[in-house]
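*Asks:* Next up, work.txt (compact mmCIF, C-alpha atoms).
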```txt
# COMPACT_ATOMS: atom_id res chain seq x y z
CA MET A 1 -4.96 9.73 -29.28
CA GLN A 2 -2.06 10.49 -26.96
CA GLN A 3 -0.35 7.43 -25.51
CA LEU A 4 0.57 7.33 -21.81
CA SER A 5 2.40 4.77 -19.71
CA LEU A 6 0.47 2.93 -17.00
CA LEU A 7 2.56 2.46 -13.86
CA ASN A 8 1.13 -0.59 -12.10
CA ALA A 9 1.69 -0.42 -8.33
CA GLN A 10 0.96 -4.12 -7.70
CA SER A 11 2.66 -7.29 -8.89
CA GLN A 12 -0.68 -9.14 -8.81
CA LEU A 13 -4.31 -8.72 -7.76
CA PRO A 14 -6.79 -11.21 -6.31
CA ALA A 15 -9.74 -12.42 -8.35
CA GLY A 16 -12.97 -10.63 -7.45
CA ARG A 17 -13.39 -7.07 -6.23
CA SER A 18 -10.16 -5.36 -5.29
CA ARG A 19 -8.28 -2.09 -5.12
CA PHE A 20 -6.24 -1.25 -8.22
CA ALA A 21 -3.59 1.44 -7.69
CA PHE A 22 -1.61 2.91 -10.55
CA GLY A 23 0.20 5.95 -11.88
CA LEU A 24 0.20 7.60 -15.30
CA ALA A 25 3.21 9.02 -17.12
CA ALA A 26 3.55 10.96 -20.38
CA GLU A 27 6.65 11.46 -22.51
CA ASN A 28 9.95 11.88 -20.69
CA ASN A 29 8.41 10.09 -17.66
CA ARG A 30 6.45 13.24 -16.77
CA LEU A 31 3.77 12.21 -14.26
CA VAL A 32 0.13 12.92 -15.11
CA GLN A 33 -1.54 14.04 -11.88
CA GLY A 34 -4.96 15.14 -10.66
CA VAL A 35 -7.11 13.92 -13.57
CA ALA A 36 -10.02 11.45 -13.50
CA PRO A 37 -9.25 8.29 -15.48
CA LYS A 38 -11.77 5.61 -16.33
CA VAL A 39 -10.42 2.05 -16.26
CA TRP A 40 -11.49 -0.76 -18.58
CA LEU A 41 -10.46 -4.40 -18.14
CA ALA A 42 -10.35 -7.29 -20.61
CA LYS A 43 -8.98 -10.83 -20.70
CA ASP A 44 -7.31 -10.11 -24.05
CA GLN A 45 -7.38 -7.73 -27.02
CA THR A 46 -10.51 -9.29 -28.53
CA SER A 47 -12.64 -9.95 -25.42
CA LYS A 48 -15.43 -7.63 -24.33
CA ALA A 49 -14.10 -5.10 -21.84
CA LEU A 50 -15.48 -4.66 -18.34
CA GLY A 51 -16.00 -1.15 -17.05
CA PRO A 52 -15.70 1.68 -16.88
CA TYR A 53 -14.36 1.78 -13.32
CA PRO A 54 -13.80 5.39 -12.20
CA ALA A 55 -10.42 6.15 -10.63
CA ARG A 56 -9.64 8.96 -8.21
CA TRP A 57 -6.43 10.83 -7.53
CA LEU A 58 -4.89 10.49 -4.05
CA GLN A 59 -2.07 12.79 -2.98
CA MET A 60 0.47 11.52 -0.44
CA THR A 61 1.02 14.39 1.99
CA GLY A 62 2.33 12.54 5.05
CA TYR A 63 6.01 12.81 4.11
CA ASP A 64 6.01 16.60 4.39
CA ARG A 65 3.73 16.65 7.43
CA THR A 66 5.90 14.26 9.47
CA ARG A 67 9.23 15.83 8.39
CA ASP A 68 10.60 12.54 7.10
CA ARG A 69 14.18 12.49 5.76
CA SER A 70 14.10 8.96 4.34
CA PRO A 71 14.42 8.39 0.57
CA ARG A 72 11.24 9.50 -1.20
CA SER A 73 9.69 8.37 -4.46
CA GLU A 74 9.08 10.90 -7.22
CA LEU A 75 5.55 9.47 -7.34
CA THR A 76 3.87 11.60 -4.66
CA GLY A 77 0.34 10.65 -5.63
CA PHE A 78 -1.51 7.86 -7.43
CA TYR A 79 -4.85 6.76 -8.83
CA VAL A 80 -7.04 4.10 -7.26
CA ALA A 81 -10.07 2.31 -8.67
CA GLU A 82 -12.27 -0.43 -7.23
CA VAL A 83 -12.30 -3.08 -9.95
CA ASP A 84 -13.89 -6.50 -10.36
CA LEU A 85 -11.77 -9.22 -11.95
CA PRO A 86 -14.04 -12.27 -12.19
CA ALA A 87 -11.37 -14.86 -13.04
CA PRO A 88 -7.64 -15.41 -12.61
CA GLY A 89 -5.27 -14.90 -15.53
CA ASN A 90 -3.33 -12.10 -17.15
CA TRP A 91 -5.75 -9.21 -17.68
CA LEU A 92 -5.32 -6.05 -19.75
CA ALA A 93 -6.07 -2.69 -18.17
CA VAL A 94 -6.71 0.47 -20.18
CA ALA A 95 -7.03 3.86 -18.50
CA LEU A 96 -8.72 6.58 -20.56
CA VAL A 97 -8.34 10.21 -19.57
CA GLU A 98 -8.39 13.77 -20.86
CA VAL A 99 -5.10 15.64 -20.60
CA ALA A 100 -4.98 19.27 -21.74
CA SER A 101 -8.28 18.80 -23.64
CA GLN A 102 -6.86 15.79 -25.46
CA ARG A 103 -7.94 12.19 -25.01
CA ALA A 104 -5.16 9.93 -23.82
CA ALA A 105 -4.87 6.22 -23.08
CA ALA A 106 -2.52 4.02 -21.08
CA GLN A 107 -2.40 0.23 -21.22
CA GLY A 108 -0.86 -2.29 -18.87
CA ALA A 109 -1.05 -5.91 -17.77
CA ILE A 110 -2.53 -7.11 -14.46
CA PRO A 111 -1.67 -10.64 -13.28
CA VAL A 112 -4.71 -11.93 -11.36
CA ARG A 113 -4.53 -14.92 -9.02
CA GLN A 114 -7.20 -16.89 -7.19
CA GLN A 115 -5.09 -16.80 -4.03
CA VAL A 116 -2.69 -13.99 -3.09
CA VAL A 117 -0.48 -13.18 -0.13
CA ALA A 118 -2.36 -11.53 2.77
CA GLN A 119 -5.74 -12.16 1.15
CA VAL A 120 -8.70 -10.26 2.60
CA GLY A 121 -10.76 -12.58 4.80
CA THR A 122 -7.82 -14.73 5.90
CA LYS A 123 -6.22 -14.82 9.33
CA ALA A 124 -3.20 -12.62 9.93
CA ARG A 125 0.00 -14.51 10.77
CA SER A 126 1.03 -13.72 14.31
CA GLY A 127 4.53 -13.41 15.72
CA LEU A 128 6.82 -11.43 17.94
CA THR A 129 8.04 -8.14 16.52
CA PRO A 130 10.66 -5.85 18.08
CA VAL A 131 9.32 -3.37 20.64
CA ALA A 132 11.03 -0.04 21.39
CA THR A 133 9.97 3.37 22.65
CA SER A 134 13.15 5.35 23.44
CA PRO A 135 14.91 7.20 20.57
CA SER A 136 18.08 5.09 20.86
CA ALA A 137 16.17 1.79 20.92
CA LEU A 138 13.94 2.85 18.02
CA ALA A 139 16.99 3.76 15.91
CA LYS A 140 18.18 0.15 16.17
CA ILE A 141 14.99 -1.39 14.73
CA CYS A 142 13.57 1.28 12.38
CA THR A 143 15.34 2.57 9.26
CA ARG A 144 13.13 5.65 8.91
CA GLN A 145 14.85 9.00 9.53
CA PRO A 146 13.87 9.90 12.18
CA PRO A 147 12.59 6.54 13.48
CA CYS A 148 8.79 6.23 13.62
CA PRO A 149 6.91 5.67 16.91
CA MET A 150 4.93 2.63 15.74
CA HIS A 151 7.04 0.00 17.50
CA TYR A 152 5.43 0.27 20.94
CA VAL A 153 3.60 -3.09 20.78
CA SER A 154 4.48 -6.45 19.24
CA LEU A 155 2.25 -7.97 16.58
CA GLU A 156 1.55 -10.99 18.77
CA GLU A 157 0.31 -8.77 21.61
CA ALA A 158 -1.65 -6.54 19.22
CA LEU A 159 -3.57 -9.47 17.73
CA ARG A 160 -4.55 -10.58 21.25
CA SER A 161 -5.55 -7.10 22.43
CA GLY A 162 -9.16 -7.08 21.24
CA LYS A 163 -8.47 -4.01 19.11
CA PRO A 164 -8.02 -3.72 15.35
CA THR A 165 -4.48 -3.39 14.01
CA VAL A 166 -2.93 -1.39 11.17
CA LEU A 167 0.22 -3.22 10.08
CA SER A 168 2.81 -2.07 7.57
CA PHE A 169 5.77 -4.02 6.18
CA ALA A 170 8.22 -1.39 4.98
CA THR A 171 11.88 -0.38 4.94
CA PRO A 172 12.13 3.40 4.54
CA LEU A 173 15.93 3.40 4.05
CA LEU A 174 16.39 0.40 1.76
CA CYS A 175 13.15 0.39 -0.28
CA PRO A 176 13.94 0.06 -4.05
CA SER A 177 10.82 2.05 -5.02
CA ARG A 178 11.44 4.71 -2.31
CA MET A 179 7.75 4.36 -1.51
CA CYS A 180 8.19 2.81 1.97
CA GLY A 181 8.99 6.05 3.80
CA PRO A 182 5.99 7.94 2.42
CA VAL A 183 3.66 4.99 3.12
CA VAL A 184 4.85 4.71 6.75
CA ASP A 185 4.29 8.47 7.02
CA GLU A 186 0.67 8.05 5.89
CA GLN A 187 0.26 5.37 8.58
CA MET A 188 1.76 7.81 11.11
CA VAL A 189 -0.78 10.48 10.13
CA ALA A 190 -3.62 8.02 10.80
CA PHE A 191 -1.95 6.98 14.07
CA GLN A 192 -1.63 10.59 15.23
CA LYS A 193 -5.30 11.21 14.41
CA LEU A 194 -6.83 8.07 15.94
CA GLY A 195 -4.35 7.17 18.70
CA LYS A 196 -3.35 3.81 20.17
CA ASP A 197 -6.36 3.56 22.49
CA LYS A 198 -8.66 2.76 19.57
CA ALA A 199 -6.34 0.63 17.43
CA ASN A 200 -2.82 -0.76 17.25
CA PHE A 201 -0.41 0.75 14.73
CA ILE A 202 2.67 -1.30 13.88
CA HIS A 203 5.47 -0.68 11.40
CA LEU A 204 7.35 -3.92 10.86
CA GLU A 205 10.81 -2.92 9.61
CA ILE A 206 11.79 -5.39 6.89
CA TYR A 207 15.56 -4.99 7.33
CA PRO A 208 16.20 -4.05 10.98
CA GLN A 209 19.89 -5.01 10.59
CA ARG A 210 20.23 -2.78 7.49
CA ASP A 211 21.14 -5.91 5.51
CA THR A 212 18.92 -6.85 2.56
CA ASN A 213 20.07 -10.47 2.90
CA LYS A 214 18.55 -10.62 6.38
CA PRO A 215 14.85 -9.74 6.22
CA ALA A 216 12.70 -9.83 9.36
CA PRO A 217 11.46 -13.42 9.91
CA LEU A 218 7.78 -12.42 9.73
CA PHE A 219 8.28 -10.77 6.32
CA THR A 220 9.43 -14.14 4.99
CA THR A 221 6.80 -16.11 6.94
CA TRP A 222 3.99 -14.05 5.43
CA GLY A 223 5.41 -14.72 1.96
CA PHE A 224 5.99 -11.15 0.79
CA GLN A 225 8.46 -10.54 -2.03
CA SER A 226 8.03 -6.80 -2.45
CA GLU A 227 7.35 -3.69 -0.39
CA PRO A 228 5.69 -1.70 1.06
CA TRP A 229 2.55 -3.43 2.33
CA MET A 230 -0.29 -2.01 4.43
CA LEU A 231 -2.93 -4.23 6.06
CA VAL A 232 -5.90 -3.49 8.31
CA ILE A 233 -6.79 -6.37 10.64
CA ASP A 234 -9.92 -6.67 12.77
CA ARG A 235 -10.13 -7.47 16.50
CA ASN A 236 -10.41 -11.20 15.68
CA GLY A 237 -7.18 -11.22 13.68
CA VAL A 238 -8.83 -11.34 10.24
CA ILE A 239 -7.43 -9.19 7.41
CA ARG A 240 -10.17 -6.74 6.36
CA ALA A 241 -8.25 -4.41 4.02
CA ARG A 242 -5.23 -5.02 1.80
CA LEU A 243 -4.04 -1.52 0.95
CA GLY A 244 -0.58 -2.64 -0.14
CA GLU A 245 1.41 -3.46 -2.05
CA GLY A 246 2.52 -0.02 -3.07
CA PRO A 247 1.17 3.42 -2.22
CA THR A 248 -1.63 4.26 0.18
CA VAL A 249 -2.81 7.38 2.01
CA ALA A 250 -4.01 8.08 5.54
CA SER A 251 -7.63 8.59 4.47
CA GLU A 252 -7.75 5.05 3.01
CA ILE A 253 -6.34 3.62 6.25
CA GLU A 254 -8.88 5.56 8.32
CA ALA A 255 -11.79 4.52 6.08
CA ALA A 256 -10.82 0.85 6.32
CA LEU A 257 -10.37 1.08 10.08
CA GLN A 258 -13.54 3.00 10.92
CA PRO A 259 -16.05 0.10 10.63
CA LEU A 260 -13.82 -2.01 12.90
CA LEU A 261 -13.80 0.50 15.78
CA SER A 262 -17.40 0.09 16.92
```
Mind turning the file's structure into structure tokens?
*Replies:*
Amino acid sequence: MQQLSLLNAQSQLPAGRSRFAFGLAAENNRLVQGVAPKVWLAKDQTSKALGPYPARWLQMTGYDRTRDRSPRSELTGFYVAEVDLPAPGNWLAVALVEVASQRAAAQGAIPVRQQVVAQVGTKARSGLTPVATSPSALAKICTRQPPCPMHYVSLEEALRSGKPTVLSFATPLLCPSRMCGPVVDEQMVAFQKLGKDKANFIHLEIYPQRDTNKPAPLFTTWGFQSEPWMLVIDRNGVIRARLGEGPTVASEIEAALQPLLS
């Protein structure tokens, strides 16, 4: 059986049902795209595995559609599966797939915690975030090239507005994974489709001063240690979808937001 590498997009997952995003790579780091893996989970090599959980391929198209010029990851798509991890601990994940009529497998570790940062069902942490609408003002607080338009309302005001909020923590210029720009672009695509009358869309720039030693206060307050993050928050300020950390696409944002609009 051909061996692949499993590229885990998250540093940890919460116990219970959650979204597991990952990539697959063959020899020479060649990405395996557009297949249909099945994911199995086990506490260790000898425990009975849970699954299979079907995974689907999601292509990130926002970067090209929004004409972004920020650094871009070579990973332009990813797999996502809804998994159920009944207990905390270090779990094993195995993805089985057919590549060129050959069976292939990838294995990786998933740290699972009872409590995680920005847990679904918890209250979002409020705070003032920079607001700007003119090109020159946006350039001072957003590292995306060109700056994104999702700085028109502060998080504090958004959480009081009676509308749901889509919130990203990302730094398109300084992101080590180069995933922040593409993720903000996916948020922009959803914003352009749905508009600010129905929901608030906020990109919180992690390093507005372009200094990685000076993160935005709210990034630290929330307790994040990686990027990018994408959260969907309801009109009462409760986190309803935790699409970060790592890649996400506009269709996932829209699907998470839709039940909160009525």
*Asks:* Applying 9 Å and all atoms listed in the file, which residues near stretch 210-212 of chain A remain after dropping the ones on its own chain fewer than 3 positions away? List them as a PyMOL selection string.
*Replies:* chain A and resi 143+173-174+206-207+215
*Asks:* Need to verify the contact set: A:Ala241, 6 Å, only C-alpha atoms, exclusion of same-chain residues closer than 2 positions in sequence. Can you return it as a ChimeraX atom specification?
*Replies:* /A:231-232,239,243
*Asks:* With a distance cut-off of 9 Å and only C-alpha atoms, select the neighbouring residues of A:Leu13, excluding the residue or stretch itself and same-chain residues fewer than 2 positions from it, and output the selection as a list in words.
*Replies:*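 Near A:Leu13, the qualifying residues are Gln10, Ser11, Ala15, Gly16, Ser18, Arg19, Phe20, Leu85, Pro88, Ile110, Pro111, Val112, Arg113, Gln114, Gln115 and Val116 of chain A.
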*Asks:* Hey, which of A:Pro176, A:Gly181, A:Gly108, A:Gly23 ends up closest to A:Asp68? Count only C-alpha atoms.
*Replies:* A:Gly181
*Asks:* Would you mind telling me which residue in A:Leu155, A:Leu194, A:Cys180, A:Ala137 lies nearest to A:Leu257 when using all atoms listed in the file?
*Replies:*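 Residue with the minimum atom-to-atom distance to A:Leu257: A:Leu194.
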*Asks:* So the first atom is atom CA of A:Pro164 and the second is atom CA of A:Glu82; what is the distance between them in Å, to one decimal place?
*Replies:*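 Value for the atom CA of A:Pro164-atom CA of A:Glu82 distance: 23.2 Å.
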*Asks:* Write a file for stretch 136-171 of chain A of the given structure; include N, CA, C and O atoms and format it as a CSV table (one decimal), in the first residue's frame.
*Replies:*
```
chain,number,residue,atom,x,y,z
A,136,SER,N,-6.1,54.7,2.5
A,136,SER,CA,-4.9,55.1,3.2
A,136,SER,C,-5.1,54.6,4.7
A,136,SER,O,-4.1,54.1,5.3
A,137,ALA,N,-6.2,54.7,5.3
A,137,ALA,CA,-6.5,54.3,6.6
A,137,ALA,C,-6.4,52.7,6.7
A,137,ALA,O,-5.9,52.2,7.7
A,138,LEU,N,-7.0,52.1,5.7
A,138,LEU,CA,-7.0,50.6,5.7
A,138,LEU,C,-5.5,50.1,5.6
A,138,LEU,O,-5.2,49.1,6.3
A,139,ALA,N,-4.7,50.7,4.8
A,139,ALA,CA,-3.3,50.3,4.6
A,139,ALA,C,-2.5,50.3,6.0
A,139,ALA,O,-1.5,49.6,6.1
A,140,LYS,N,-3.0,51.1,6.9
A,140,LYS,CA,-2.3,51.2,8.2
A,140,LYS,C,-2.6,50.1,9.1
A,140,LYS,O,-1.9,49.8,10.1
A,141,ILE,N,-3.8,49.4,8.9
A,141,ILE,CA,-4.2,48.4,9.9
A,141,ILE,C,-4.4,47.0,9.3
A,141,ILE,O,-4.8,46.1,10.0
A,142,CYS,N,-4.2,46.9,8.0
A,142,CYS,CA,-4.4,45.6,7.3
A,142,CYS,C,-3.2,45.3,6.5
A,142,CYS,O,-2.8,46.1,5.6
A,143,THR,N,-2.6,44.1,6.7
A,143,THR,CA,-1.4,43.7,5.9
A,143,THR,C,-1.7,43.0,4.6
A,143,THR,O,-0.7,42.7,3.9
A,144,ARG,N,-2.9,42.8,4.3
A,144,ARG,CA,-3.3,42.2,3.0
A,144,ARG,C,-2.9,43.2,1.9
A,144,ARG,O,-3.0,44.4,2.1
A,145,GLN,N,-2.5,42.7,0.7
A,145,GLN,CA,-2.2,43.5,-0.5
A,145,GLN,C,-3.2,43.1,-1.6
A,145,GLN,O,-3.1,42.1,-2.1
A,146,PRO,N,-4.1,44.0,-2.0
A,146,PRO,CA,-4.4,45.3,-1.3
A,146,PRO,C,-5.2,45.1,0.0
A,146,PRO,O,-5.7,43.9,0.2
A,147,PRO,N,-5.3,46.1,0.9
A,147,PRO,CA,-6.0,45.9,2.1
A,147,PRO,C,-7.5,45.4,1.9
A,147,PRO,O,-8.1,45.8,0.9
A,148,CYS,N,-8.0,44.6,2.8
A,148,CYS,CA,-9.4,44.1,2.6
A,148,CYS,C,-10.4,45.1,3.2
A,148,CYS,O,-10.0,46.0,4.0
A,149,PRO,N,-11.6,45.1,2.8
A,149,PRO,CA,-12.6,46.0,3.3
A,149,PRO,C,-13.3,45.7,4.6
A,149,PRO,O,-14.2,46.4,5.0
A,150,MET,N,-12.9,44.6,5.3
A,150,MET,CA,-13.6,44.1,6.4
A,150,MET,C,-13.1,44.7,7.7
A,150,MET,O,-12.9,44.0,8.7
A,151,HIS,N,-13.0,46.1,7.7
A,151,HIS,CA,-12.6,46.8,8.9
A,151,HIS,C,-13.5,48.0,9.2
A,151,HIS,O,-13.1,48.9,9.8
A,152,TYR,N,-14.7,47.8,8.7
A,152,TYR,CA,-15.7,49.0,8.7
A,152,TYR,C,-16.4,49.0,10.1
A,152,TYR,O,-17.1,50.0,10.3
A,153,VAL,N,-16.3,48.0,10.9
A,153,VAL,CA,-17.0,48.0,12.2
A,153,VAL,C,-16.1,47.3,13.2
A,153,VAL,O,-15.4,46.4,12.9
A,154,SER,N,-16.1,47.8,14.5
A,154,SER,CA,-15.3,47.2,15.5
A,154,SER,C,-16.0,46.0,16.0
A,154,SER,O,-17.3,45.9,15.9
A,155,LEU,N,-15.3,45.1,16.6
A,155,LEU,CA,-15.9,43.8,17.2
A,155,LEU,C,-16.9,44.2,18.3
A,155,LEU,O,-17.9,43.6,18.3
A,156,GLU,N,-16.5,45.1,19.1
A,156,GLU,CA,-17.4,45.5,20.2
A,156,GLU,C,-18.8,45.9,19.7
A,156,GLU,O,-19.8,45.5,20.2
A,157,GLU,N,-18.8,46.8,18.6
A,157,GLU,CA,-20.0,47.2,18.0
A,157,GLU,C,-20.8,46.1,17.3
A,157,GLU,O,-22.0,46.0,17.4
A,158,ALA,N,-20.0,45.2,16.7
A,158,ALA,CA,-20.6,44.1,15.9
A,158,ALA,C,-21.4,43.2,16.9
A,158,ALA,O,-22.5,42.8,16.6
A,159,LEU,N,-20.8,42.9,18.0
A,159,LEU,CA,-21.4,42.0,19.0
A,159,LEU,C,-22.6,42.6,19.7
A,159,LEU,O,-23.4,41.9,20.2
A,160,ARG,N,-22.8,43.9,19.6
A,160,ARG,CA,-24.0,44.6,20.1
A,160,ARG,C,-25.0,44.9,19.1
A,160,ARG,O,-26.1,45.4,19.4
A,161,SER,N,-24.7,44.5,17.8
A,161,SER,CA,-25.6,45.0,16.7
A,161,SER,C,-26.9,44.2,16.5
A,161,SER,O,-27.7,44.6,15.8
A,162,GLY,N,-27.0,43.0,17.1
A,162,GLY,CA,-28.1,42.2,16.9
A,162,GLY,C,-28.0,41.3,15.6
A,162,GLY,O,-29.0,40.7,15.2
A,163,LYS,N,-26.8,41.4,15.0
A,163,LYS,CA,-26.6,40.6,13.8
A,163,LYS,C,-25.5,39.6,14.1
A,163,LYS,O,-24.6,39.8,14.9
A,164,PRO,N,-25.5,38.4,13.3
A,164,PRO,CA,-24.3,37.5,13.5
A,164,PRO,C,-23.0,38.1,12.9
A,164,PRO,O,-23.1,39.1,12.2
A,165,THR,N,-21.9,37.6,13.3
A,165,THR,CA,-20.6,38.1,13.0
A,165,THR,C,-19.7,37.0,12.5
A,165,THR,O,-19.6,36.0,13.1
A,166,VAL,N,-19.0,37.3,11.4
A,166,VAL,CA,-17.9,36.4,10.9
A,166,VAL,C,-16.6,37.1,11.2
A,166,VAL,O,-16.4,38.2,10.7
A,167,LEU,N,-15.8,36.4,12.0
A,167,LEU,CA,-14.6,37.1,12.5
A,167,LEU,C,-13.4,36.2,12.2
A,167,LEU,O,-13.3,35.0,12.5
A,168,SER,N,-12.4,36.8,11.5
A,168,SER,CA,-11.2,36.1,11.3
A,168,SER,C,-10.0,36.8,12.0
A,168,SER,O,-10.0,38.0,12.2
A,169,PHE,N,-9.1,36.0,12.5
A,169,PHE,CA,-7.8,36.5,13.0
A,169,PHE,C,-6.8,36.0,12.0
A,169,PHE,O,-6.5,34.8,11.9
A,170,ALA,N,-6.1,37.0,11.4
A,170,ALA,CA,-5.2,36.6,10.3
A,170,ALA,C,-4.2,37.7,10.0
A,170,ALA,O,-4.5,38.9,10.3
A,171,THR,N,-3.1,37.4,9.5
A,171,THR,CA,-2.1,38.3,9.1
A,171,THR,C,-1.5,38.0,7.7
A,171,THR,O,-0.6,37.2,7.6
```
